[in-house]
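See below for coords17.pdb, which holds PDB, C-alpha atoms and all ligand atoms.
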```
ATOM      1  CA  MET H 180      53.360   5.366 103.117
ATOM      2  CA  VAL H 181      56.888   4.151 103.932
ATOM      3  CA  GLN H 182      59.540   5.627 106.193
ATOM      4  CA  LEU H 183      63.213   5.258 105.173
ATOM      5  CA  HIS H 184      65.731   6.707 107.611
ATOM      6  CA  ASP H 185      64.401  10.210 108.417
ATOM      7  CA  LEU H 186      62.113  10.670 105.386
ATOM      8  CA  GLN H 187      58.588   9.632 104.433
ATOM      9  CA  PHE H 188      57.550   8.467 100.969
ATOM     10  CA  THR H 189      54.109   8.058  99.381
ATOM     11  CA  PRO H 190      53.018   5.558  96.658
ATOM     12  CA  PHE H 191      53.675   6.944  93.171
ATOM     13  CA  ILE H 192      54.077   4.277  90.434
ATOM     14  CA  SER H 193      52.382   0.855  90.685
ATOM     15  CA  GLU H 194      53.907  -2.508  89.775
ATOM     16  CA  GLU H 195      51.531  -2.657  86.789
ATOM     17  CA  GLU H 196      52.757   0.673  85.443
ATOM     18  CA  ILE H 197      56.383  -0.384  85.925
ATOM     19  CA  ASN H 198      55.720  -3.636  84.054
ATOM     20  CA  THR H 199      54.075  -1.765  81.177
ATOM     21  CA  GLY H 200      57.221   0.370  80.852
ATOM     22  CA  ILE H 201      59.474  -2.701  80.930
ATOM     23  CA  GLU H 202      57.394  -4.538  78.295
ATOM     24  CA  LYS H 203      57.509  -1.496  76.001
ATOM     25  CA  VAL H 204      61.303  -1.187  76.209
ATOM     26  CA  ALA H 205      61.783  -4.972  75.884
ATOM     27  CA  ALA H 206      59.687  -5.064  72.706
ATOM     28  CA  GLN H 207      61.735  -2.253  71.123
ATOM     29  CA  ILE H 208      65.051  -3.897  72.040
ATOM     30  CA  ASN H 209      63.918  -7.270  70.697
ATOM     31  CA  VAL H 210      63.135  -5.671  67.342
ATOM     32  CA  GLU H 211      66.368  -3.678  67.121
ATOM     33  CA  PHE H 212      68.859  -6.069  68.771
ATOM     34  CA  GLY H 213      67.247  -9.508  68.401
ATOM     35  CA  ASP H 214      69.842 -10.689  65.861
ATOM     36  CA  LYS H 215      72.772  -8.477  66.944
ATOM     37  CA  ASN H 216      74.186 -10.547  69.795
ATOM     38  CA  PRO H 217      74.239  -7.487  72.100
ATOM     39  CA  VAL H 218      76.056  -6.974  75.361
ATOM     40  CA  PHE H 219      73.682  -5.649  78.012
ATOM     41  CA  LEU H 220      75.601  -3.288  80.281
ATOM     42  CA  GLY H 221      73.744  -2.719  83.550
ATOM     43  CA  VAL H 222      74.627   0.274  85.699
ATOM     44  CA  LEU H 223      74.721  -0.769  89.340
ATOM     45  CA  ASN H 224      73.312  -0.515  91.876
ATOM     46  CA  GLY H 225      69.990   1.025  90.881
ATOM     47  CA  ALA H 226      69.419  -0.848  87.611
ATOM     48  CA  PHE H 227      69.720  -4.400  88.974
ATOM     49  CA  LEU H 228      65.977  -5.186  89.001
ATOM     50  CA  PHE H 229      65.199  -3.464  85.694
ATOM     51  CA  ALA H 230      68.199  -5.200  84.086
ATOM     52  CA  ALA H 231      66.986  -8.607  85.274
ATOM     53  CA  GLU H 232      63.423  -8.091  84.031
ATOM     54  CA  LEU H 233      64.538  -6.624  80.706
ATOM     55  CA  ILE H 234      67.135  -9.294  79.959
ATOM     56  CA  LYS H 235      64.642 -12.078  80.845
ATOM     57  CA  ARG H 236      62.457 -10.757  78.020
ATOM     58  CA  PHE H 237      65.223 -10.704  75.388
ATOM     59  CA  LYS H 238      64.741 -13.403  72.745
ATOM     60  CA  GLY H 239      68.131 -13.674  70.982
ATOM     61  CA  ASP H 240      71.697 -14.438  72.084
ATOM     62  CA  CYS H 241      73.182 -11.865  74.432
ATOM     63  CA  GLU H 242      75.873 -11.289  77.026
ATOM     64  CA  VAL H 243      75.516  -9.444  80.322
ATOM     65  CA  ASN H 244      77.960  -7.157  82.070
ATOM     66  CA  PHE H 245      77.811  -4.530  84.796
ATOM     67  CA  VAL H 246      79.591  -1.351  85.819
ATOM     68  CA  LYS H 247      79.089   0.468  89.073
ATOM     69  CA  LEU H 248      78.808   4.254  88.988
ATOM     70  CA  SER H 249      77.682   6.626  91.695
ATOM     71  CA  SER H 250      76.703  10.304  91.673
ATOM     72  CA  TYR H 251      73.995  10.618  94.307
ATOM     73  CA  GLU H 252      74.231  11.258  98.004
ATOM     74  CA  GLY H 253      70.991  11.270  99.985
ATOM     75  CA  THR H 254      68.330  12.843  97.757
ATOM     76  CA  GLY H 255      70.519  15.028  95.514
ATOM     77  CA  THR H 256      73.221  14.631  92.874
ATOM     78  CA  THR H 257      76.813  15.533  93.726
ATOM     79  CA  GLY H 258      77.557  16.403  90.103
ATOM     80  CA  ASN H 259      80.601  14.101  90.175
ATOM     81  CA  VAL H 260      80.273  10.598  88.791
ATOM     82  CA  GLU H 261      82.520   8.085  90.511
ATOM     83  CA  SER H 262      83.412   4.721  88.971
ATOM     84  CA  LEU H 263      83.225   2.134  91.752
ATOM     85  CA  MET H 264      83.612  -0.887  89.440
ATOM     86  CA  GLY H 265      84.798  -0.649  85.835
ATOM     87  CA  LEU H 266      84.350  -2.841  82.776
ATOM     88  CA  THR H 267      85.583  -6.386  83.252
ATOM     89  CA  ALA H 268      85.458  -7.468  79.581
ATOM     90  CA  PRO H 269      86.455  -5.637  76.386
ATOM     91  CA  LEU H 270      83.543  -4.208  74.361
ATOM     92  CA  LYS H 271      85.468  -3.288  71.221
ATOM     93  CA  GLY H 272      83.289  -3.759  68.125
ATOM     94  CA  ARG H 273      80.263  -4.909  70.154
ATOM     95  CA  ASN H 274      76.636  -3.773  70.055
ATOM     96  CA  VAL H 275      75.902  -2.518  73.553
ATOM     97  CA  VAL H 276      72.626  -1.774  75.325
ATOM     98  CA  VAL H 277      73.209   0.301  78.455
ATOM     99  CA  ILE H 278      70.632  -0.337  81.174
ATOM    100  CA  GLU H 279      70.010   2.537  83.613
ATOM    101  CA  ASP H 280      67.482   2.849  86.428
ATOM    102  CA  ILE H 281      66.864   6.564  85.942
ATOM    103  CA  VAL H 282      68.270   9.484  83.960
ATOM    104  CA  ASP H 283      68.184  12.752  85.888
ATOM    105  CA  THR H 284      70.816  15.417  84.997
ATOM    106  CA  GLY H 285      72.557  13.112  82.509
ATOM    107  CA  ASN H 286      75.949  13.289  84.259
ATOM    108  CA  THR H 287      76.072   9.513  84.572
ATOM    109  CA  LEU H 288      75.171   9.063  80.889
ATOM    110  CA  GLU H 289      77.993  11.371  79.914
ATOM    111  CA  SER H 290      80.465   9.202  81.831
ATOM    112  CA  ILE H 291      79.102   6.088  80.164
ATOM    113  CA  ASP H 292      79.380   7.748  76.754
ATOM    114  CA  ARG H 293      83.028   8.533  77.476
ATOM    115  CA  ILE H 294      83.746   4.963  78.611
ATOM    116  CA  LEU H 295      82.065   3.365  75.572
ATOM    117  CA  LYS H 296      83.713   5.683  73.052
ATOM    118  CA  LYS H 297      87.096   4.819  74.547
ATOM    119  CA  GLU H 298      86.208   1.127  74.218
ATOM    120  CA  GLU H 299      85.443   1.627  70.516
ATOM    121  CA  VAL H 300      82.123  -0.205  70.604
ATOM    122  CA  ASN H 301      80.366  -0.695  67.251
ATOM    123  CA  GLN H 302      77.233   1.036  68.569
ATOM    124  CA  TYR H 303      75.468   1.606  71.842
ATOM    125  CA  LYS H 304      71.951   2.518  72.874
ATOM    126  CA  ILE H 305      70.588   3.644  76.208
ATOM    127  CA  ALA H 306      67.626   2.054  77.966
ATOM    128  CA  THR H 307      66.324   3.647  81.144
ATOM    129  CA  LEU H 308      63.326   2.690  83.235
ATOM    130  CA  PHE H 309      62.678   6.273  84.396
ATOM    131  CA  TYR H 310      63.579   9.637  82.856
ATOM    132  CA  LYS H 311      63.188  13.149  84.290
ATOM    133  CA  PRO H 312      63.102  15.433  81.205
ATOM    134  CA  ALA H 313      62.816  18.623  83.278
ATOM    135  CA  SER H 314      66.134  17.877  84.941
ATOM    136  CA  TYR H 315      68.076  16.578  81.912
ATOM    137  CA  LYS H 316      70.903  18.904  80.871
ATOM    138  CA  LYS H 317      72.763  16.967  78.160
ATOM    139  CA  ASP H 318      72.418  16.379  74.404
ATOM    140  CA  LEU H 319      72.924  12.603  74.373
ATOM    141  CA  HIS H 320      69.921  10.818  72.911
ATOM    142  CA  ILE H 321      68.076   8.439  75.241
ATOM    143  CA  ASP H 322      66.872   5.605  73.035
ATOM    144  CA  TYR H 323      64.433   3.609  75.184
ATOM    145  CA  VAL H 324      62.443   5.104  78.066
ATOM    146  CA  GLY H 325      60.116   3.064  80.287
ATOM    147  CA  MET H 326      58.404   6.116  81.728
ATOM    148  CA  GLU H 327      58.901   9.872  81.957
ATOM    149  CA  ILE H 328      58.426  11.299  85.438
ATOM    150  CA  PRO H 329      58.448  14.772  87.005
ATOM    151  CA  ASN H 330      61.330  16.072  89.107
ATOM    152  CA  ASP H 331      60.469  14.180  92.275
ATOM    153  CA  PHE H 332      62.914  12.111  94.284
ATOM    154  CA  ILE H 333      61.749   8.502  94.007
ATOM    155  CA  VAL H 334      62.642   5.221  95.709
ATOM    156  CA  GLY H 335      61.767   1.563  95.140
ATOM    157  CA  TYR H 336      62.242  -0.967  92.371
ATOM    158  CA  GLY H 337      66.040  -0.771  92.664
ATOM    159  CA  LEU H 338      66.281   2.902  93.619
ATOM    160  CA  ASP H 339      67.416   3.827  97.113
ATOM    161  CA  TYR H 340      67.522   6.589  99.651
ATOM    162  CA  ASN H 341      70.881   6.218 101.421
ATOM    163  CA  GLY H 342      70.890   2.461 100.859
ATOM    164  CA  LEU H 343      67.280   1.705 101.765
ATOM    165  CA  GLY H 344      64.205   1.076  99.604
ATOM    166  CA  ARG H 345      65.686  -0.917  96.718
ATOM    167  CA  ASN H 346      63.521  -3.944  97.556
ATOM    168  CA  LEU H 347      60.197  -2.076  97.347
ATOM    169  CA  THR H 348      58.130  -3.596  94.525
ATOM    170  CA  GLN H 349      56.513  -0.302  93.562
ATOM    171  CA  VAL H 350      57.890   3.243  93.360
ATOM    172  CA  TYR H 351      57.334   5.871  96.054
ATOM    173  CA  LYS H 352      58.097   9.581  95.998
ATOM    174  CA  LEU H 353      59.378  11.844  98.711
ATOM    175  CA  LYS H 354      56.551  13.339 100.690
ATOM    176  CA  LYS H 355      56.418  17.094 100.186
ATOM    177  CA  SER H 356      57.287  19.159 103.206
ATOM    178  CA  LYS H 357      58.505  22.754 103.384
ATOM    179  CA  MET H 358      60.721  21.784 106.316
ATOM    180  CA  THR H 359      62.299  18.932 104.330
ATOM    181  CA  ASN H 360      63.074  21.252 101.414
ATOM    182  CA  LEU H 361      64.720  23.821 103.613
ATOM    183  CA  VAL H 362      66.762  21.294 105.544
ATOM    184  CA  LEU H 363      67.871  19.320 102.462
ATOM    185  CA  PHE H 364      68.404  22.018  99.885
ATOM    186  CA  GLY H 365      68.628  25.433 101.534
ATOM    187  CA  PRO H 366      67.034  28.434  99.807
ATOM    188  CA  PRO H 367      65.481  28.158  96.310
ATOM    189  CA  GLY H 368      68.064  27.842  93.528
ATOM    190  CA  ALA H 369      70.764  26.445  95.800
ATOM    191  CA  GLY H 370      70.598  22.823  94.620
ATOM    192  CA  LYS H 371      71.498  20.906  91.444
ATOM    193  CA  GLY H 372      69.554  18.127  89.720
ATOM    194  CA  THR H 373      66.417  16.804  91.336
ATOM    195  CA  GLN H 374      64.955  18.805  94.154
ATOM    196  CA  ALA H 375      62.212  17.692  96.473
ATOM    197  CA  THR H 376      59.877  20.524  95.584
TER     198      THR H 376
HETATM  199  P1  LIG H 401      72.219  11.702  86.743
HETATM  200  O1  LIG H 401      73.676  11.375  86.634
HETATM  201  O2  LIG H 401      71.460  11.541  85.454
HETATM  202  O3  LIG H 401      71.976  13.038  87.395
HETATM  203  O4  LIG H 401      71.596  10.701  87.776
HETATM  204  C1  LIG H 401      71.652   9.362  87.562
HETATM  205  C2  LIG H 401      71.699   8.577  88.856
HETATM  206  O5  LIG H 401      71.301   9.346  89.992
HETATM  207  C3  LIG H 401      70.703   7.458  88.770
HETATM  208  O6  LIG H 401      71.272   6.341  88.144
HETATM  209  C4  LIG H 401      70.344   7.234  90.216
HETATM  210  O7  LIG H 401      71.281   6.380  90.809
HETATM  211  C5  LIG H 401      70.436   8.611  90.833
HETATM  212  N1  LIG H 401      69.098   9.257  90.862
HETATM  213  C6  LIG H 401      68.633  10.233  90.042
HETATM  214  N2  LIG H 401      67.369  10.576  90.355
HETATM  215  C7  LIG H 401      67.021   9.779  91.405
HETATM  216  C8  LIG H 401      65.814   9.626  92.176
HETATM  217  O8  LIG H 401      64.783  10.289  91.997
HETATM  218  N3  LIG H 401      65.859   8.684  93.160
HETATM  219  C9  LIG H 401      66.958   7.920  93.425
HETATM  220  N4  LIG H 401      66.860   7.044  94.420
HETATM  221  N5  LIG H 401      68.098   8.031  92.726
HETATM  222  C10 LIG H 401      68.129   8.949  91.728
HETATM  223 MG    MG H 402      71.714   4.548  87.761
HETATM  224 MG    MG H 403      71.357   5.867  94.884
END
```
As structure tokens:
Amino acid sequence: MVQLHDLQFTPFISEEEINTGIEKVAAQINVEFGDKNPVFLGVLNGAFLFAAELIKRFKGDCEVNFVKLSSYEGTGTTGNVESLMGLTAPLKGRNVVVIEDIVDTGNTLESIDRILKKEEVNQYKIATLFYKPASYKKDLHIDYVGMEIPNDFIVGYGLDYNGLGRNLTQVYKLKKSKMTNLVLFGPPGAGKGTQAT
């Protein structure tokens, strides 16, 4: 068990399971983008470890870029996606692989879709290490998924709770507590996106 700020988290996904997910996605991307000179576009902060491990496994020529988007505060989504650092190189006509840590409601993906359409990329695909299908509300296709997970709030392997936990080498989930739910989310139905239920 780990304690981050005021909350406790229990072990959930092992390093081995994470690596299996990364290898699966890397193999798919090598087949589909090996000869396409892609630009990998990592979404900071959460995707920094996944991006590094995925890009290390890519066999062809590639370029690497990052944007910084934020929608979460504490353990819930705000619904608003803020761009904290935009594109620093033009992507017009390029083949882009977006690298996300986790897809929850899909709000962040929608922002990325808007940005890449405006850039007039040739094509883009989405790779995410974790995906919460029960929480996803959009129609955008998610091309490469390391692992599907239930609607728990997780930390570790790049993902944080209010800044802490990104350095954990495995993934932990929020420990269930009726008190925590009431304090964080109010009565049932009050929250949006992931809830710690
Ligand atoms: P979405 O925009 O799809 O609702 O959420 C995407 C972003 O919210 C992720 O990139 C991540 O930063 C954050 N997020 C979503 N679910 C979780 C979670 O379970 N744990 C943490 N630490 N962040 C999450
Ligand atoms: Mg992210
Ligand atoms: Mg975060």
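Against the coordinates shown, the PyMOL selection byres (((not hetatm)) within 6 of (chain H and resi 401)) returns H:Gly225, H:Ser250, H:Tyr251, H:Thr256, H:Asp280, H:Ile281, H:Val282, H:Asp283, H:Thr284, H:Gly285, H:Asn286, H:Thr287, H:Asp331, H:Phe332, H:Ile333, H:Val334, H:Leu338, H:Asp339, H:Tyr340.
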Would you compute the distance between CA of Glu279 in chain H and atom MG of ligand MG 402 (chain H)? Give it in Å to one decimal.
4.9 Å
Report as JSON lines: every residue of range 293-369 of chain H with an atom at most 7 Å from range 187-203 of chain H, its closest pair of atoms, and their distance in Å to one decimal, counting only C-alpha atoms, with rows sorted by chain and ascending residue number.
```
{"residue": "H:Leu308", "atom": "CA", "partner": "H:Gly200", "partner_atom": "CA", "distance": 7.0}
{"residue": "H:Gly325", "atom": "CA", "partner": "H:Gly200", "partner_atom": "CA", "distance": 4.0}
{"residue": "H:Met326", "atom": "CA", "partner": "H:Gly200", "partner_atom": "CA", "distance": 5.9}
{"residue": "H:Thr348", "atom": "CA", "partner": "H:Glu194", "partner_atom": "CA", "distance": 6.4}
{"residue": "H:Gln349", "atom": "CA", "partner": "H:Glu194", "partner_atom": "CA", "distance": 5.1}
{"residue": "H:Val350", "atom": "CA", "partner": "H:Ile192", "partner_atom": "CA", "distance": 4.9}
{"residue": "H:Tyr351", "atom": "CA", "partner": "H:Pro190", "partner_atom": "CA", "distance": 4.4}
{"residue": "H:Lys352", "atom": "CA", "partner": "H:Phe188", "partner_atom": "CA", "distance": 5.1}
{"residue": "H:Leu353", "atom": "CA", "partner": "H:Phe188", "partner_atom": "CA", "distance": 4.5}
{"residue": "H:Lys354", "atom": "CA", "partner": "H:Phe188", "partner_atom": "CA", "distance": 5.0}
```
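Taking CA of Asp214 in chain H as the reference point, CA of Val275 in chain H is found at 12.8 Å.
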Of the candidates H:Glu232, H:Glu261, H:Glu242, H:Asp185, which shows the shortest atom-to-atom distance to ligand MG 402 (chain H), using all atoms listed in the file?
H:Glu261
Picked residues, the PyMOL selection byres (((chain H and resi 227) around 12) and not hetatm), as number ranges by chain:
H: 219-226, 228-234, 243-247, 278-281, 307-308, 335-339, 345-346
